[in-house]
Amino acid sequence: MQRAQEVLLFLGICSIQAFGQNGEVSVSLNSAKSHQASRLEGTAVTIDGMIDEEAWKNTSAANNFVQMRPNEGAPASQATDVRVLYDNDALYVAARIYDHPDSIVGELFRRDGDVLSDWFYVQIDSYFDRRTAFSFAVNPAGVKKDILISNDTQEDVSWDAVWESSVSRDEIGWTAEFRIPFSQLRFSESTDDLTWGVNFQRRIARNGEFSFWSPVPGDVGSYVGRFGTLTGIRGLSAPARFEIQPYVVSRVKRSPERVAGSPYYRANDFFGNTGADFKYGVTSDFTLSGTVNPDFGQVEVDPAVVNLSAFEIFFPERRPFFVEGSEIFSFGRTRNYNSYGGGQYFYSRRIGRQPQRGIGAAYVDVPDQTTILGAAKLSGKTSSGLSVGVLNAVTQRESARYIDGSGLEQTVEVEPLTNYLVTRVKKDFDGQSFVGGLITSVNRNLSDPAFNSLLHSSATTGGIDFEHRWGERNWLFGGFVAGSRVAGDKAVIERTQRSSARYYQRPDADYLGVDANRTSLSGFAGEATLMKVGGGNWIGSLTYQERSPGLELNDMGFASLADRRAFSTYAEYQDRTPGQAFRNYGIYGYSNHAWTFGGDRMFEIYNVGGYANSLSFWNFSGYAYWGPDVLSDKLTRGGPLMTVVGQYGTGFSVQSDSRDKVVVGMSVSYREDYSGEYDKYVSFNLNLRPTPAIQIQFTPQLGFERDTDQYIMSVADSLAAATYGRRYVFADVTLTNLSLNTRVNWAFTPDLSLQFVIQPFIQARDFYFFKEFLQPGTYDFAAYGRDKGTVTYDAATRVYTVDPDGGGPANAFFFGNNFGQDDFNFRSVRANLVLRWEYLPGSTIFVVWQHLRSHVGYVSDFEFGRDSGELLREPSDNIFLVKLSYWLGR
């Protein structure tokens with residue numbers, strides 16, 4: 001009888017929803033809703049997805065969802081009823097999700113995966129600050145997703161809570177039940193009734209529909225701020241929160257003997273370790289998280305890259321302890337749609353990095369990374385809106401062994417004992433504004449004098465940021481000011497002054513100069529942004545930035561550029577109303593402008609573009625840009641300014657309907673400058689879903705480049721008076737890139753999955769047309785052997801000999817036989833296979849295989865058959881790992 005009533009109700013609601021859409025009935029998007037939770041008395045709720053307990057029948061339902069897309073403001077195309085219960089330990093949510101059984105899309109994949117599917121979300125702003133929310137979601141296959149939302153719109157998918165859910169399907173749709181322990185939320189203890197922000201969201205894959213219980217307009221730059229309220233929760237005490245997750249890991253590494261006769265070579269290198277992660281609720285507002293002797297062997301390896309620039313490559317953080325909750329430490333970038341570069345004030349990959357001191361010996365045994373002895377985070381938010389985040393980590397002193405010239409073994413320190421500290425505070429005001437601050441500190445025990453020229457003894461940064469919104473949160477003004485100070489021996493401070501971020505030694509920069517007697521260096525940065533984030537079809541931003549020459553963030557953060565003033569603009573027109581051809585589209589334009597503190601123009605670009613999503617769910621985008629001649633203070637790597645000639649480019653991408661079992665896409669980009677330099681890239685994207693549990697992604701990319709200003713070296717020569725007593729040598733380089741990245745996800749159950757990633761990569765570079773830079777501030781060169789002097793090449797030694805004036809008084813010089821100065825062909829393949837089983841909530845087993853293989857050949861051309869064959873013949877490193885963790889807590 002009950003099921004028959006539900007079927008009749010379902011049919012009735014469907015007719016109402018159809019009338020709402022066909023009759024163009026709309027719903028006010030400015031009215032937040034309120035729902036009352038009921039206390040669970042007597043019989044407990046079983047989380048089985050059935051919603052058949054009496055308690056569910058006796059509580060009211062939240063319904064009448066409203067679309068955000070595709071038809072903003074219209075009633076949801078399918079009905080949803082949500083009920084909320086609570087007891088002393090947890091919040092319970094039940095959702096009756098009406099739908100046609102054959103239309104439900106419920107793929108099976110790994111937790112937190114990004115695969116097209118139907119979803120139901122429960123999102124809780126338990127701080128009730130209109131900026132922070134804990135999001136819990138489940139799809140019709142039982143796959144879970146949890147997200148921490150901060151700063152109103154920023155999502156952290158790495159956040160993992162311990163909670164329960166279950167789903168069930170029937171002839172009128174599907175159902176979902178949640179049990180969310182209060183220990184996984186954060187709220188201030190109170191004897192009064194609690195009021196929390198809450199929203200329920202439903203996603204329907206087949207028509208791209210997003211609908212919300214409390215309406216979220218698409219033209220408003222606010223998300224958590226649009227939540228409704230959850231009332232009726234009373235009599236709660238702050239839950240005792242203590243979780244500990246001990247682990248054990250066993251690993252074996254099989255490697256080839258790359259240096260014959262090395263006493264440190266082991267064909268099979270066995271390793272075992274143990275440690276633990278923990279979380280402790282210090283108060284109802286604050287949580288202390290920590291890790292002791294952490295192991296991150298299950299983390300996917302970085303892709304192979306070839307870097308011939310003067311700048312460090314940025315790799316994203318993937319280690320769970322540092323990724324989870326990292327948004328609380330975000331600082332140094334105001335929200336904007338377009339800006340020129342920037343810096344990261346806390347880059348957690350500095351912690352536990354590869355030891356910094358190199359050893360010049362044939363036989364060496366050096367650790368791959370610095371051991372993290374322990375790390376801890378204190379984070380939380382008070383009822384008055386004060387957020388606090390503190391992270392401290394200690395890495396141990398690392399040593400390396402080597403055989404010296406006399407055949408004796410020596411041990412030297414390669415990384416000192418180091419302490420890393422970052423502290424972040426932020427005060428919210430009514431969810432509309434905030435003022436915050438950040439302090440980071442790195443302190444090293446430099447007992448070995450060899451580090452005096454390598455590492456700073458201390459590094460400190462600090463700053464204040466702010467943001468204010470008005471006009472129904474559609475307008476935003478924000479910014480920050482910050483400073484940095486590094487200290488150490490004279491040698492390392494001089495090295496910092498000469499680094500690629502600033503080049504104090506530039507001979508034509510009268511506002512800069514190297515001071516060899518300094519023992520510290522200080523700098524500052526600032527940024528201000530005015531944004532329109534919603535309230536109609538137009539959005540945009542204006543951003544001004546400054547980074548002084550002395551700014552240095554790279555002990556704890558990441559920054560490639562200092563000595564910049566920049567101004568950026570952005571404007572975009574959006575139409576989110578489905579029309580005759582498109583579901584939505586947008587057209588945008590932006591510009592970037594940058595100068596040094598000496599007033600030299602370093603960058604200028606103008607870009608226009610657009611995007612569209614068709615009624616058949618195909619996605620299209622394209623852009624075009626142009627930039628005039630500017631100057632560069634980086635190309636000569638500490639030498640005089642050089643012109644960067646004007647450039648132009650274009651690109652487009654297209655992707656088929658993402659709802660299909662086979663999804664194809666293509667992207668093309670083209671750039672050229674007026675010297676003949678170019679970049680031509682084409683990439684394809686093939687997504688396959690042969691079964692609901694298997695997803696395959698294949699993303700090959702092929703690229704061709706020609707550089708006309710590849711730096712080779714500089715040579716002191718007093719006869720080169722025009723370039724301040726040094727000759728700056730460059731080359732033309734042609735480059736071919738091929739990558740064939742493939743990713744396979746196979747989910748056996750929502751808790752047991754297999755992930756395989758393989759990244760083949762081949763790059764060939766041909767160096768030719770060696771030449772000398774002639775005049776500062778220009779793009780003028782003289783080619784050796786054609787315009788001046790001579791150049792010869794010894795194929796046996798791979799060495800070039802240059803006589804710059806062909807027998808005149810200038811000294812000859814040599815280069816080559818060195819990676820980045822001669823033709824080469826780099827081949828690499830990296831693979832990860834990870835079996836993950838969450839055998840109990842919060843408890844996991846990882847079985848991991850990592851495969852690493854690379855080869856360098858000194859040929860200039862690209863030949864796929866030869867290159868892939870050489871790579872397959874190259875010996876490989878293989879790592880096998882098993883890691884077991886067990887979650888204890890409540």
# chains A, B, ... in the order shown; residues from 1 in each chain; ligands from 1
>>> residues_around(residues="region 657-661 of chain A", least_positions_apart="5", cutoff="8 Å", atoms="only C-alpha atoms", output="JSON, numbers by chain")
{"A": [116, 205, 206, 616, 617, 618, 619, 687, 688, 689, 690]}
>>> closest_atom_pairs(of="region 211-310 of chain A", to="region 351-354 of chain A", cutoff="12 Å", atoms="only C-alpha atoms", output="JSON lines")
{"residue": "A:Asn293", "atom": "CA", "partner": "A:Gly352", "partner_atom": "CA", "distance": 11.2}
{"residue": "A:Pro294", "atom": "CA", "partner": "A:Gly352", "partner_atom": "CA", "distance": 10.3}
{"residue": "A:Asp295", "atom": "CA", "partner": "A:Gly352", "partner_atom": "CA", "distance": 10.8}
{"residue": "A:Phe296", "atom": "CA", "partner": "A:Gly352", "partner_atom": "CA", "distance": 10.8}
>>> write_last_selection(atoms="N, CA and C atoms", output="PDB file, in the first residue's frame")
ATOM      1  N   ASN A 293      56.171  10.212  11.232  1.00  0.00           N
ATOM      2  CA  ASN A 293      56.901   9.347  10.302  1.00  0.00           C
ATOM      3  C   ASN A 293      56.019   8.965   9.110  1.00  0.00           C
ATOM      4  N   PRO A 294      55.493   9.939   8.390  1.00  0.00           N
ATOM      5  CA  PRO A 294      54.520   9.631   7.326  1.00  0.00           C
ATOM      6  C   PRO A 294      55.162   8.920   6.145  1.00  0.00           C
ATOM      7  N   ASP A 295      54.346   8.166   5.424  1.00  0.00           N
ATOM      8  CA  ASP A 295      54.777   7.507   4.194  1.00  0.00           C
ATOM      9  C   ASP A 295      53.744   7.824   3.122  1.00  0.00           C
ATOM     10  N   PHE A 296      54.219   8.250   1.950  1.00  0.00           N
ATOM     11  CA  PHE A 296      53.311   8.649   0.873  1.00  0.00           C
ATOM     12  C   PHE A 296      53.570   7.817  -0.378  1.00  0.00           C
TER      13      PHE A 296
END
>>> closest_residue(among="A:Gly523, A:Pro70, A:Pro449, A:Pro804", to="Phe773 (chain A)", atoms="only C-alpha atoms")
A:Pro804
>>> residues_around(residues="Gly557 (chain A)", least_positions_apart="2", cutoff="8 Å", atoms="only C-alpha atoms", output="JSON, numbers by chain")
{"A": [343, 344, 345, 346, 347, 348, 350, 553, 554, 555, 559]}
>>> atom_distance(atom1="CA of Gly609 (chain A)", atom2="CA of Leu476 (chain A)")
24.0 Å
>>> residues_around(residues="Arg83 (chain A)", least_positions_apart="6", cutoff="6 Å", atoms="only C-alpha atoms", output="VMD selection string")
chain A and resid 61 93 to 94
>>> write_last_selection(atoms="C-alpha atoms", output="short mmCIF file (atom, residue, chain, number, x, y, z; two decimals), in the first residue's frame")
data_model
loop_
_atom_site.label_atom_id
_atom_site.label_comp_id
_atom_site.auth_asym_id
_atom_site.auth_seq_id
_atom_site.Cartn_x
_atom_site.Cartn_y
_atom_site.Cartn_z
CA ALA A 61 10.22 16.85 3.97
CA VAL A 93 19.54 12.51 6.07
CA ALA A 94 17.18 10.55 3.84
#
>>> select_by_dssp(residues="region 163-370 of chain A", states="strand (DSSP E or B)", output="ChimeraX atom specification")
/A:164-170,173-181,194-204,209-212,228-233,242-254,268-281,286-292,344,364-365
>>> select_by_dssp(residues="region 421-596 of chain A", states="alpha helix (DSSP H)", output="list of chain:residue names")
A:Lys490, A:Ala491, A:Val492, A:Ile493, A:Glu494, A:Arg495, A:Thr496, A:Gln497
>>> atom_distance(atom1="CA of Pro256 (chain A)", atom2="CA of His851 (chain A)")
12.4 Å
>>> closest_atom_pairs(of="region 30-131 of chain A", to="region 733-754 of chain A", cutoff="7 Å", atoms="only C-alpha atoms", output="CSV")
residue,atom,partner,partner_atom,distance
A:Leu108,CA,A:Ala747,CA,5.9
A:Phe109,CA,A:Ala747,CA,4.8
A:Arg110,CA,A:Ser753,CA,5.9
A:Arg111,CA,A:Pro750,CA,6.8
>>> atom_distance(atom1="CA of Leu236 (chain A)", atom2="CA of Ser34 (chain A)")
19.9 Å
>>> closest_residue(among="A:Ser117, A:Gln850, A:Phe567, A:Ser168", to="Phe880 (chain A)", atoms="only C-alpha atoms")
A:Gln850
>>> residues_around(residues="Gly842 (chain A)", least_positions_apart="6", cutoff="9 Å", atoms="only C-alpha atoms", output="ChimeraX atom specification")
/A:160-163,245,885-888
>>> write_last_selection(atoms="all heavy atoms", output="tab-separated table (two decimals), in the first residue's frame")
chain	number	residue	atom	x	y	z
A	160	ASP	N	38.69	14.19	3.39
A	160	ASP	CA	38.01	12.92	3.56
A	160	ASP	C	37.50	12.80	4.98
A	160	ASP	O	38.30	12.83	5.94
A	160	ASP	CB	38.93	11.74	3.25
A	160	ASP	CG	39.13	11.53	1.76
A	160	ASP	OD1	38.19	11.83	1.00
A	160	ASP	OD2	40.21	11.09	1.35
A	161	ALA	N	36.21	12.66	5.14
A	161	ALA	CA	35.59	12.44	6.44
A	161	ALA	C	35.20	10.97	6.57
A	161	ALA	O	35.19	10.22	5.59
A	161	ALA	CB	34.37	13.34	6.60
A	162	VAL	N	34.88	10.57	7.78
A	162	VAL	CA	34.43	9.21	8.04
A	162	VAL	C	32.93	9.27	8.30
A	162	VAL	O	32.48	9.80	9.33
A	162	VAL	CB	35.18	8.59	9.24
A	162	VAL	CG1	34.68	7.17	9.49
A	162	VAL	CG2	36.68	8.59	8.98
A	163	TRP	N	32.13	8.78	7.37
A	163	TRP	CA	30.68	8.84	7.44
A	163	TRP	C	30.09	7.65	6.67
A	163	TRP	O	30.82	6.94	5.97
A	163	TRP	CB	30.15	10.16	6.88
A	163	TRP	CG	30.64	10.50	5.50
A	163	TRP	CD1	31.90	10.91	5.15
A	163	TRP	CD2	29.90	10.46	4.28
A	163	TRP	NE1	31.98	11.13	3.79
A	163	TRP	CE2	30.77	10.86	3.23
A	163	TRP	CE3	28.59	10.13	3.96
A	163	TRP	CZ2	30.37	10.94	1.90
A	163	TRP	CZ3	28.18	10.21	2.63
A	163	TRP	CH2	29.08	10.62	1.63
A	245	GLN	N	45.11	6.79	13.10
A	245	GLN	CA	45.19	5.87	11.97
A	245	GLN	C	46.63	5.37	11.85
A	245	GLN	O	47.43	5.92	11.09
A	245	GLN	CB	44.74	6.57	10.68
A	245	GLN	CG	44.55	5.63	9.51
A	245	GLN	CD	44.05	6.38	8.28
A	245	GLN	OE1	44.60	7.42	7.91
A	245	GLN	NE2	43.02	5.86	7.64
A	885	SER	N	46.47	0.64	6.71
A	885	SER	CA	46.16	1.57	7.80
A	885	SER	C	44.83	1.15	8.44
A	885	SER	O	43.97	0.55	7.78
A	885	SER	CB	46.06	3.00	7.28
A	885	SER	OG	44.96	3.16	6.40
A	886	TYR	N	44.69	1.50	9.70
A	886	TYR	CA	43.48	1.13	10.45
A	886	TYR	C	43.01	2.35	11.22
A	886	TYR	O	43.77	2.95	11.99
A	886	TYR	CB	43.78	-0.02	11.41
A	886	TYR	CG	42.55	-0.55	12.12
A	886	TYR	CD1	41.65	-1.38	11.46
A	886	TYR	CD2	42.26	-0.19	13.44
A	886	TYR	CE1	40.51	-1.86	12.09
A	886	TYR	CE2	41.13	-0.66	14.08
A	886	TYR	CZ	40.25	-1.49	13.40
A	886	TYR	OH	39.13	-1.95	14.02
A	887	TRP	N	41.74	2.71	10.99
A	887	TRP	CA	41.17	3.91	11.62
A	887	TRP	C	40.51	3.54	12.94
A	887	TRP	O	39.70	2.61	13.02
A	887	TRP	CB	40.16	4.55	10.69
A	887	TRP	CG	39.52	5.79	11.23
A	887	TRP	CD1	40.02	7.06	11.17
A	887	TRP	CD2	38.25	5.90	11.87
A	887	TRP	NE1	39.16	7.95	11.75
A	887	TRP	CE2	38.05	7.26	12.20
A	887	TRP	CE3	37.27	4.98	12.22
A	887	TRP	CZ2	36.92	7.72	12.85
A	887	TRP	CZ3	36.12	5.43	12.87
A	887	TRP	CH2	35.96	6.79	13.18
A	888	LEU	N	40.89	4.28	13.97
A	888	LEU	CA	40.27	4.15	15.29
A	888	LEU	C	39.72	5.50	15.68
A	888	LEU	O	40.45	6.51	15.63
A	888	LEU	CB	41.30	3.69	16.33
A	888	LEU	CG	41.92	2.30	16.11
A	888	LEU	CD1	43.15	2.15	16.99
A	888	LEU	CD2	40.91	1.22	16.42
>>> residues_around(residues="region 403-414 of chain A", least_positions_apart="6", cutoff="6 Å", atoms="only C-alpha atoms", output="short mmCIF file (atom, residue, chain, number, x, y, z; two decimals) with N, CA and C atoms, in the first residue's frame")
data_model
loop_
_atom_site.label_atom_id
_atom_site.label_comp_id
_atom_site.auth_asym_id
_atom_site.auth_seq_id
_atom_site.Cartn_x
_atom_site.Cartn_y
_atom_site.Cartn_z
N PRO A 355 67.11 16.19 -1.02
CA PRO A 355 68.23 16.92 -0.40
C PRO A 355 68.90 17.86 -1.39
N ARG A 357 72.04 19.37 -1.33
CA ARG A 357 73.48 19.36 -1.57
C ARG A 357 73.85 18.19 -2.48
N TYR A 363 80.66 7.07 -7.04
CA TYR A 363 79.85 6.16 -6.25
C TYR A 363 79.22 6.93 -5.10
#
>>> residues_around(residues="region 662-678 of chain A", least_positions_apart="3", cutoff="9 Å", atoms="only C-alpha atoms", output="MDAnalysis selection string")
chainID A and resid 644:659 681:690 704:709 732 779
>>> write_last_selection(atoms="C-alpha atoms", output="PDB file, in the first residue's frame")
ATOM      1  CA  VAL A 644      61.109  39.898 -27.097  1.00  0.00           C
ATOM      2  CA  VAL A 645      59.553  40.398 -30.499  1.00  0.00           C
ATOM      3  CA  GLY A 646      55.805  40.674 -30.931  1.00  0.00           C
ATOM      4  CA  GLN A 647      53.689  37.553 -30.993  1.00  0.00           C
ATOM      5  CA  TYR A 648      50.261  36.323 -31.960  1.00  0.00           C
ATOM      6  CA  GLY A 649      48.367  33.103 -31.601  1.00  0.00           C
ATOM      7  CA  THR A 650      45.092  31.284 -31.662  1.00  0.00           C
ATOM      8  CA  GLY A 651      43.531  28.035 -30.515  1.00  0.00           C
ATOM      9  CA  PHE A 652      40.302  26.129 -30.256  1.00  0.00           C
ATOM     10  CA  SER A 653      38.899  23.010 -28.623  1.00  0.00           C
ATOM     11  CA  VAL A 654      35.845  20.832 -29.117  1.00  0.00           C
ATOM     12  CA  GLN A 655      34.443  17.946 -27.091  1.00  0.00           C
ATOM     13  CA  SER A 656      31.514  15.674 -27.793  1.00  0.00           C
ATOM     14  CA  ASP A 657      28.599  14.921 -25.498  1.00  0.00           C
ATOM     15  CA  SER A 658      30.059  13.873 -22.130  1.00  0.00           C
ATOM     16  CA  ARG A 659      26.966  11.736 -21.420  1.00  0.00           C
ATOM     17  CA  TYR A 681      50.278  21.706 -30.591  1.00  0.00           C
ATOM     18  CA  VAL A 682      47.423  19.319 -31.160  1.00  0.00           C
ATOM     19  CA  SER A 683      45.955  17.063 -28.520  1.00  0.00           C
ATOM     20  CA  PHE A 684      43.141  14.553 -28.464  1.00  0.00           C
ATOM     21  CA  ASN A 685      40.974  13.292 -25.666  1.00  0.00           C
ATOM     22  CA  LEU A 686      39.256   9.923 -25.779  1.00  0.00           C
ATOM     23  CA  ASN A 687      37.096   8.868 -22.841  1.00  0.00           C
ATOM     24  CA  LEU A 688      35.621   5.392 -22.854  1.00  0.00           C
ATOM     25  CA  ARG A 689      33.119   3.823 -20.460  1.00  0.00           C
ATOM     26  CA  PRO A 690      32.848   0.223 -21.701  1.00  0.00           C
ATOM     27  CA  PHE A 704      56.324  21.202 -32.610  1.00  0.00           C
ATOM     28  CA  GLU A 705      58.302  24.221 -31.466  1.00  0.00           C
ATOM     29  CA  ARG A 706      60.980  26.482 -32.808  1.00  0.00           C
ATOM     30  CA  ASP A 707      62.836  28.779 -30.419  1.00  0.00           C
ATOM     31  CA  THR A 708      65.055  31.527 -31.785  1.00  0.00           C
ATOM     32  CA  ASP A 709      66.466  32.641 -28.429  1.00  0.00           C
ATOM     33  CA  ASP A 732      67.867  28.259 -32.616  1.00  0.00           C
ATOM     34  CA  TYR A 779      66.829  41.365 -30.829  1.00  0.00           C
TER      35      TYR A 779
END
>>> closest_residue(among="A:Thr790, A:Ala796, A:Asp508, A:Glu54", to="Gly808 (chain A)", atoms="only C-alpha atoms")
A:Thr790
>>> decode(residues="region 534-578 of chain A", atoms="C-alpha atoms", output="PDB file, in the first residue's frame")
ATOM      1  CA  GLY A 534      27.472  38.271 -10.552  1.00  0.00           C
ATOM      2  CA  GLY A 535      24.233  40.166 -10.874  1.00  0.00           C
ATOM      3  CA  GLY A 536      23.543  39.947 -14.584  1.00  0.00           C
ATOM      4  CA  ASN A 537      25.285  38.829 -17.745  1.00  0.00           C
ATOM      5  CA  TRP A 538      28.509  40.766 -17.255  1.00  0.00           C
ATOM      6  CA  ILE A 539      31.406  39.864 -14.989  1.00  0.00           C
ATOM      7  CA  GLY A 540      34.917  41.292 -14.878  1.00  0.00           C
ATOM      8  CA  SER A 541      37.927  42.332 -12.856  1.00  0.00           C
ATOM      9  CA  LEU A 542      40.698  44.925 -12.600  1.00  0.00           C
ATOM     10  CA  THR A 543      43.869  43.843 -10.787  1.00  0.00           C
ATOM     11  CA  TYR A 544      47.055  45.672  -9.824  1.00  0.00           C
ATOM     12  CA  GLN A 545      50.114  43.778  -8.500  1.00  0.00           C
ATOM     13  CA  GLU A 546      53.570  44.595  -7.166  1.00  0.00           C
ATOM     14  CA  ARG A 547      56.499  42.320  -6.283  1.00  0.00           C
ATOM     15  CA  SER A 548      59.675  44.148  -5.296  1.00  0.00           C
ATOM     16  CA  PRO A 549      63.091  42.918  -6.484  1.00  0.00           C
ATOM     17  CA  GLY A 550      64.000  41.661  -3.016  1.00  0.00           C
ATOM     18  CA  LEU A 551      60.920  39.467  -2.559  1.00  0.00           C
ATOM     19  CA  GLU A 552      62.007  35.864  -1.877  1.00  0.00           C
ATOM     20  CA  LEU A 553      59.422  33.180  -1.120  1.00  0.00           C
ATOM     21  CA  ASN A 554      61.085  29.956  -2.193  1.00  0.00           C
ATOM     22  CA  ASP A 555      62.152  28.582   1.175  1.00  0.00           C
ATOM     23  CA  MET A 556      58.521  27.993   2.174  1.00  0.00           C
ATOM     24  CA  GLY A 557      56.612  29.134  -0.914  1.00  0.00           C
ATOM     25  CA  PHE A 558      56.972  29.260  -4.676  1.00  0.00           C
ATOM     26  CA  ALA A 559      57.688  32.283  -6.851  1.00  0.00           C
ATOM     27  CA  SER A 560      59.589  32.509 -10.134  1.00  0.00           C
ATOM     28  CA  LEU A 561      59.413  36.260 -10.590  1.00  0.00           C
ATOM     29  CA  ALA A 562      60.176  39.329  -8.525  1.00  0.00           C
ATOM     30  CA  ASP A 563      60.774  42.925  -9.662  1.00  0.00           C
ATOM     31  CA  ARG A 564      57.363  43.380 -11.269  1.00  0.00           C
ATOM     32  CA  ARG A 565      54.497  45.840 -11.395  1.00  0.00           C
ATOM     33  CA  ALA A 566      51.488  44.591 -13.314  1.00  0.00           C
ATOM     34  CA  PHE A 567      47.974  45.604 -14.299  1.00  0.00           C
ATOM     35  CA  SER A 568      45.360  43.178 -15.646  1.00  0.00           C
ATOM     36  CA  THR A 569      41.845  43.556 -17.011  1.00  0.00           C
ATOM     37  CA  TYR A 570      39.061  41.093 -17.741  1.00  0.00           C
ATOM     38  CA  ALA A 571      35.499  41.365 -19.045  1.00  0.00           C
ATOM     39  CA  GLU A 572      33.058  38.625 -19.959  1.00  0.00           C
ATOM     40  CA  TYR A 573      29.516  38.421 -21.218  1.00  0.00           C
ATOM     41  CA  GLN A 574      27.647  35.257 -20.194  1.00  0.00           C
ATOM     42  CA  ASP A 575      24.297  34.010 -21.391  1.00  0.00           C
ATOM     43  CA  ARG A 576      23.046  31.053 -19.357  1.00  0.00           C
ATOM     44  CA  THR A 577      19.572  30.929 -20.914  1.00  0.00           C
ATOM     45  CA  PRO A 578      19.106  28.011 -23.353  1.00  0.00           C
TER      46      PRO A 578
END
